[in-house]
Every structure is written in C-alpha cells, then in structure tokens.
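Visitor: File name target_10.csv; file contents CSV, C-alpha atoms and all ligand atoms; full text below.
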```csv
chain,number,residue,atom,x,y,z
A,1,MET,CA,-17.6,-0.9,6.8
A,2,THR,CA,-15.0,-3.3,5.4
A,3,ALA,CA,-11.8,-1.5,4.6
A,4,ARG,CA,-10.6,-1.9,1.0
A,5,VAL,CA,-6.9,-2.5,0.5
A,6,LEU,CA,-5.1,-2.4,-2.8
A,7,VAL,CA,-1.9,-4.4,-3.1
A,8,VAL,CA,0.6,-3.5,-5.8
A,9,GLU,CA,3.3,-6.2,-5.9
A,10,ASP,CA,5.0,-8.0,-8.8
A,11,THR,CA,6.4,-11.0,-6.9
A,12,PRO,CA,3.7,-13.7,-7.1
A,13,ALA,CA,4.6,-15.3,-3.8
A,14,ASN,CA,4.4,-12.0,-1.9
A,15,LEU,CA,1.2,-11.1,-3.7
A,16,LYS,CA,-0.3,-14.4,-2.7
A,17,LEU,CA,0.8,-14.2,0.9
A,18,VAL,CA,-0.4,-10.6,1.4
A,19,ASN,CA,-3.7,-11.4,-0.3
A,20,MET,CA,-4.3,-14.4,1.9
A,21,LEU,CA,-3.4,-12.5,5.1
A,22,LEU,CA,-5.7,-9.6,4.3
A,23,ASP,CA,-8.5,-11.8,3.0
A,24,ARG,CA,-8.4,-13.9,6.2
A,25,ALA,CA,-8.4,-10.7,8.3
A,26,GLY,CA,-11.7,-9.7,6.5
A,27,TYR,CA,-10.4,-6.9,4.2
A,28,GLN,CA,-11.7,-6.4,0.7
A,29,VAL,CA,-8.6,-6.9,-1.4
A,30,LEU,CA,-7.7,-5.5,-4.8
A,31,LEU,CA,-4.5,-6.7,-6.6
A,32,ALA,CA,-2.2,-5.2,-9.2
A,33,VAL,CA,1.2,-6.5,-10.5
A,34,ASN,CA,2.5,-3.1,-11.8
A,35,ALA,CA,2.2,0.6,-11.0
A,36,LEU,CA,0.1,1.6,-13.9
A,37,ASP,CA,-2.6,-1.1,-13.2
A,38,GLY,CA,-2.4,-0.1,-9.5
A,39,MET,CA,-3.0,3.5,-10.3
A,40,VAL,CA,-6.0,2.7,-12.5
A,41,LEU,CA,-7.5,0.5,-9.7
A,42,ALA,CA,-6.8,3.2,-7.1
A,43,ARG,CA,-8.7,5.8,-9.1
A,44,GLU,CA,-11.6,3.5,-9.9
A,45,HIS,CA,-12.1,2.0,-6.4
A,46,LEU,CA,-10.6,4.6,-4.1
A,47,PRO,CA,-9.2,2.0,-1.6
A,48,ASN,CA,-8.7,3.0,2.1
A,49,LEU,CA,-5.1,1.8,1.9
A,50,ILE,CA,-2.5,0.9,-0.8
A,51,LEU,CA,0.3,-1.5,0.0
A,52,MET,CA,2.9,-0.4,-2.6
A,53,ASP,CA,5.9,-2.5,-3.5
A,54,ILE,CA,8.9,-0.3,-4.4
A,55,GLN,CA,10.6,-2.4,-6.9
A,56,LEU,CA,8.2,-2.9,-9.8
A,57,PRO,CA,8.7,-3.6,-13.5
A,58,GLY,CA,8.4,-0.3,-15.4
A,59,MET,CA,7.3,2.5,-13.1
A,60,ASP,CA,8.6,2.0,-9.5
A,61,GLY,CA,6.4,2.3,-6.5
A,62,LEU,CA,7.8,5.6,-5.2
A,63,THR,CA,7.0,7.3,-8.5
A,64,ALA,CA,3.5,5.8,-8.4
A,65,THR,CA,3.1,7.1,-4.8
A,66,ARG,CA,4.2,10.6,-5.8
A,67,LEU,CA,1.7,10.6,-8.7
A,68,LEU,CA,-1.2,9.4,-6.5
A,69,LYS,CA,-0.3,11.9,-3.7
A,70,GLU,CA,-0.2,14.7,-6.3
A,71,SER,CA,-3.7,14.0,-7.6
A,72,VAL,CA,-6.6,15.5,-5.7
A,73,ALA,CA,-8.7,12.4,-6.4
A,74,THR,CA,-6.3,10.0,-4.7
A,75,ARG,CA,-4.1,12.0,-2.4
A,76,HIS,CA,-6.2,11.0,0.7
A,77,ILE,CA,-5.5,7.3,0.2
A,78,LYS,CA,-3.0,6.0,2.7
A,79,ILE,CA,0.0,4.4,1.1
A,80,VAL,CA,2.4,2.0,2.9
A,81,ALA,CA,5.6,1.0,1.1
A,82,LEU,CA,6.5,-2.7,0.9
A,83,THR,CA,10.2,-3.0,0.4
A,84,ALA,CA,12.9,-5.6,0.5
A,85,PHE,CA,15.6,-3.2,1.4
A,86,ALA,CA,15.7,-2.2,5.0
A,87,MET,CA,18.7,-0.1,4.6
A,88,LYS,CA,19.5,3.2,6.2
A,89,GLY,CA,18.0,6.0,4.2
A,90,ASP,CA,15.2,3.9,2.7
A,91,GLU,CA,12.7,5.0,5.2
A,92,GLU,CA,13.5,8.6,4.5
A,93,ARG,CA,13.1,8.0,0.7
A,94,VAL,CA,9.8,6.3,1.2
A,95,ILE,CA,8.4,9.1,3.5
A,96,ALA,CA,9.8,11.8,1.1
A,97,ALA,CA,7.8,10.2,-1.7
A,98,GLY,CA,4.6,10.7,0.3
A,99,CYS,CA,4.1,7.2,1.9
A,100,ASP,CA,2.3,7.1,5.2
A,101,GLY,CA,4.3,4.1,6.4
A,102,TYR,CA,6.7,1.4,5.7
A,103,ILE,CA,6.7,-2.4,5.9
A,104,ALA,CA,9.9,-4.4,5.4
A,105,LYS,CA,9.8,-7.7,3.6
A,106,PRO,CA,9.9,-10.6,4.3
A,107,ILE,CA,6.4,-10.1,5.7
A,108,GLN,CA,6.0,-11.0,9.4
A,109,TYR,CA,2.4,-12.1,9.8
A,110,GLN,CA,1.6,-10.5,13.2
A,111,SER,CA,3.4,-7.2,12.7
A,112,PHE,CA,2.1,-7.0,9.2
A,113,LEU,CA,-1.6,-7.0,10.2
A,114,ALA,CA,-0.9,-4.8,13.2
A,115,GLU,CA,0.7,-2.2,10.9
A,116,VAL,CA,-2.2,-2.4,8.5
A,117,GLU,CA,-4.7,-1.9,11.3
A,118,ARG,CA,-2.7,0.9,12.8
A,119,ILE,CA,-2.5,2.8,9.5
A,120,LEU,CA,-6.2,2.3,8.8
A,121,ALA,CA,-7.1,3.6,12.3
A,122,SER,CA,-4.9,6.7,12.1
A,123,VAL,CA,-6.5,10.1,11.6
A,124,PRO,CA,-8.5,10.3,8.4
A,125,ALA,CA,-7.9,13.0,5.7
A,126,PRO,CA,-9.3,16.4,6.6
A,127,THR,CA,-11.9,16.1,3.8
A,128,ALA,CA,-13.5,13.0,5.4
A,129,SER,CA,-16.8,13.7,7.2
A,130,SER,CA,-18.2,11.6,10.0
A,131,SER,CA,-21.6,10.0,9.5
B,1,MN,MN,8.9,-6.1,-6.6
```
Output the structure of this file as structure tokens.
Ligand code: MN

Guide:
Amino acid sequence: MTARVLVVEDTPANLKLVNMLLDRAGYQVLLAVNALDGMVLAREHLPNLILMDIQLPGMDGLTATRLLKESVATRHIKIVALTAFAMKGDEERVIAAGCDGYIAKPIQYQSFLAEVERILASVPAPTASSS
C-alpha cells in the first residue's frame, strides 16, 4: 500500500521541493499552505504522515499539531515538524506539542527521505490491526 503524506508548508519553494521528493519516492502526496486547510485534509484523507511546517500564516504548526493529536479521529497520524530554527529548545517544544519527529530546514535530500521512511516504519498506533 502506498503511504499517503500530507505536507503543510507555506513557502512555495519548500512545498515544491518536498512534493517532488515524496512524489519521486512513490508516495501519495497531499498539499496545504496553511494549518486550517491542512487539518481539513487530514480529517478527510487520514494520511499516514503529516509533515508540518511550524511557521505558518495564521495558526502555527504546533497549535495545529496539538489539535490533531487531541482529536480521536486524527491522533494516530504521525506528525513530523519541519522547521527552519534548529535552536536549542526547539526540539523539546516540537515534541511537547505532540510531534513524532523533527526535520530541520533546509531539507537534505537523503536524510529527508530516510527520516520519512523511518517514521512511517515505526510502530503503528495501538488501534491499528494487521491484515
Ligand atoms: Mn513557513
């Protein structure tokens, strides 16, 4: 089964790059440029993974992550933060918001795809049943 990845990112160049990398790697990709649109797509399509930019116009990515992790319908979705700040304390903030991981921008092709694969392969939510 092809994994579905939702990317929430407001910077066009980053969105384009991440879309291209994921598409080339064979993922099914959904795109949103703000948190509200991202949350609507997340509820509608229940992606396997969300790559969530932190700095977004309007609602920020950490708030959106908290809301998605508070909702029973979407809490199982893995969320990896995409952030330009790689400063001390940021990783803690990101994890505290409920993110399952963290990718620092600028995106490094190899490590980016490796991290996406790693997160997708990690232990599924307890509600998931094997078939
Ligand atoms: Mn941004």

Visitor: Tell me which residues come within 8 Å of (1.7, 1.1, -0.2), as a list in words, counting all atoms listed in the file in the file's coordinates.

Guide: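 Result, sorted by chain then residue number: Val7, Val8, Leu49, Ile50, Leu51, Met52, Asp53, Gly61, Thr65, Lys78, Ile79, Val80, Ala81, Leu82, Cys99, Gly101 and Tyr102 of chain A.
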
Visitor: Given the selection you just returned, output its residues as a file containing C-alpha atoms, formatted as a PDB file, keeping the file's coordinate frame.

Guide:
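As written to disk, part_20.pdb reads:
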```
ATOM      1  CA  VAL A   7      -1.900  -4.400  -3.100  1.00  0.00           C
ATOM      2  CA  VAL A   8       0.600  -3.500  -5.800  1.00  0.00           C
ATOM      3  CA  LEU A  49      -5.100   1.800   1.900  1.00  0.00           C
ATOM      4  CA  ILE A  50      -2.500   0.900  -0.800  1.00  0.00           C
ATOM      5  CA  LEU A  51       0.300  -1.500   0.000  1.00  0.00           C
ATOM      6  CA  MET A  52       2.900  -0.400  -2.600  1.00  0.00           C
ATOM      7  CA  ASP A  53       5.900  -2.500  -3.500  1.00  0.00           C
ATOM      8  CA  GLY A  61       6.400   2.300  -6.500  1.00  0.00           C
ATOM      9  CA  THR A  65       3.100   7.100  -4.800  1.00  0.00           C
ATOM     10  CA  LYS A  78      -3.000   6.000   2.700  1.00  0.00           C
ATOM     11  CA  ILE A  79       0.000   4.400   1.100  1.00  0.00           C
ATOM     12  CA  VAL A  80       2.400   2.000   2.900  1.00  0.00           C
ATOM     13  CA  ALA A  81       5.600   1.000   1.100  1.00  0.00           C
ATOM     14  CA  LEU A  82       6.500  -2.700   0.900  1.00  0.00           C
ATOM     15  CA  CYS A  99       4.100   7.200   1.900  1.00  0.00           C
ATOM     16  CA  GLY A 101       4.300   4.100   6.400  1.00  0.00           C
ATOM     17  CA  TYR A 102       6.700   1.400   5.700  1.00  0.00           C
TER      18      TYR A 102
END
```

Visitor: Hey, which of A:Asn34, A:Thr74, A:Gln110, A:Asn48 ends up closest to ligand MN 1 (chain B)? Count only C-alpha atoms and all ligand atoms.

Guide: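 For ligand MN 1 (chain B), the nearest of the given residues is A:Asn34.
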
Visitor: Please, which residues have at least one atom within 9 Å of an atom of ligand MN 1 (chain B), using all atoms listed in the file, listed as a list in words?

Guide: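 Sorted by chain and then by number, the residues are Val8, Glu9, Asp10, Thr11, Asn14, Val33, Asn34, Asp53, Ile54, Gln55, Leu56, Pro57, Asp60, Gly61, Leu82, Thr83 and Ala84 of chain A.
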
Visitor: Restricting the calculation to all atoms listed in the file, which member of A:Asp23, A:Glu70, A:Ala3, A:Val29 is positioned closest to Ala121 (chain A)?

Guide: A:Ala3

Visitor: For Pro47 (chain A), which residue out of A:Lys16, A:His76, A:Lys105, A:Arg118 is the nearest one, using all atoms listed in the file?

Guide: A:His76

Visitor: Env of Thr2 (chain A): 9 Å cut, atoms = only C-alpha atoms, seq-sep filter 4 positions within chain, self excluded. Answer as a PDB file with C-alpha atoms, in the frame of the given file.

Guide:
```
ATOM      1  CA  GLY A  26     -11.700  -9.700   6.500  1.00  0.00           C
ATOM      2  CA  TYR A  27     -10.400  -6.900   4.200  1.00  0.00           C
ATOM      3  CA  GLN A  28     -11.700  -6.400   0.700  1.00  0.00           C
TER       4      GLN A  28
END
```

Visitor: Please list as an MDAnalysis selection string every residue within 9 Å of Met39 (chain A), counting all atoms listed in the file and excluding residues in the same chain fewer than 6 positions away.

Guide: chainID A and resid 32 64:65 67:68

Visitor: How far is it from CA of Asp90 (chain A) to CA of Val5 (chain A), in Å with one decimal?

Guide: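 Value for the CA of Asp90 (chain A)-CA of Val5 (chain A) distance: 23.1 Å.
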
Visitor: Restricting the calculation to all atoms listed in the file, which member of A:Leu17, A:Ala25, A:Ala42, A:Ala97 is positioned closest to Ala114 (chain A)?

Guide: A:Ala25

Visitor: Which of these, A:Gly98, A:Phe112, A:Leu120, A:Arg43, has the shortest distance to Leu22 (chain A) once you count only C-alpha atoms?

Guide: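 Once distances to Leu22 (chain A) are computed over only C-alpha atoms, the minimum belongs to A:Phe112.
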
Visitor: Do you have the CA of Leu46 (chain A)-CA of Gln108 (chain A) distance handy?

Guide: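 Computing it gives 26.5 Å between the two atoms.
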
Visitor: Using all atoms listed in the file, pick whichever of A:Leu6, A:Val116, A:Leu62, A:Leu15 has the shortest atom-to-atom distance to Val40 (chain A).

Guide: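 The answer is A:Leu6, which sits nearest to Val40 (chain A).
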
Visitor: Expressed in Å to a single decimal, how great is the separation between CA of His45 (chain A) and CA of Arg66 (chain A)?

Guide: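 For CA of His45 (chain A) relative to CA of Arg66 (chain A), the distance reads 18.4 Å.
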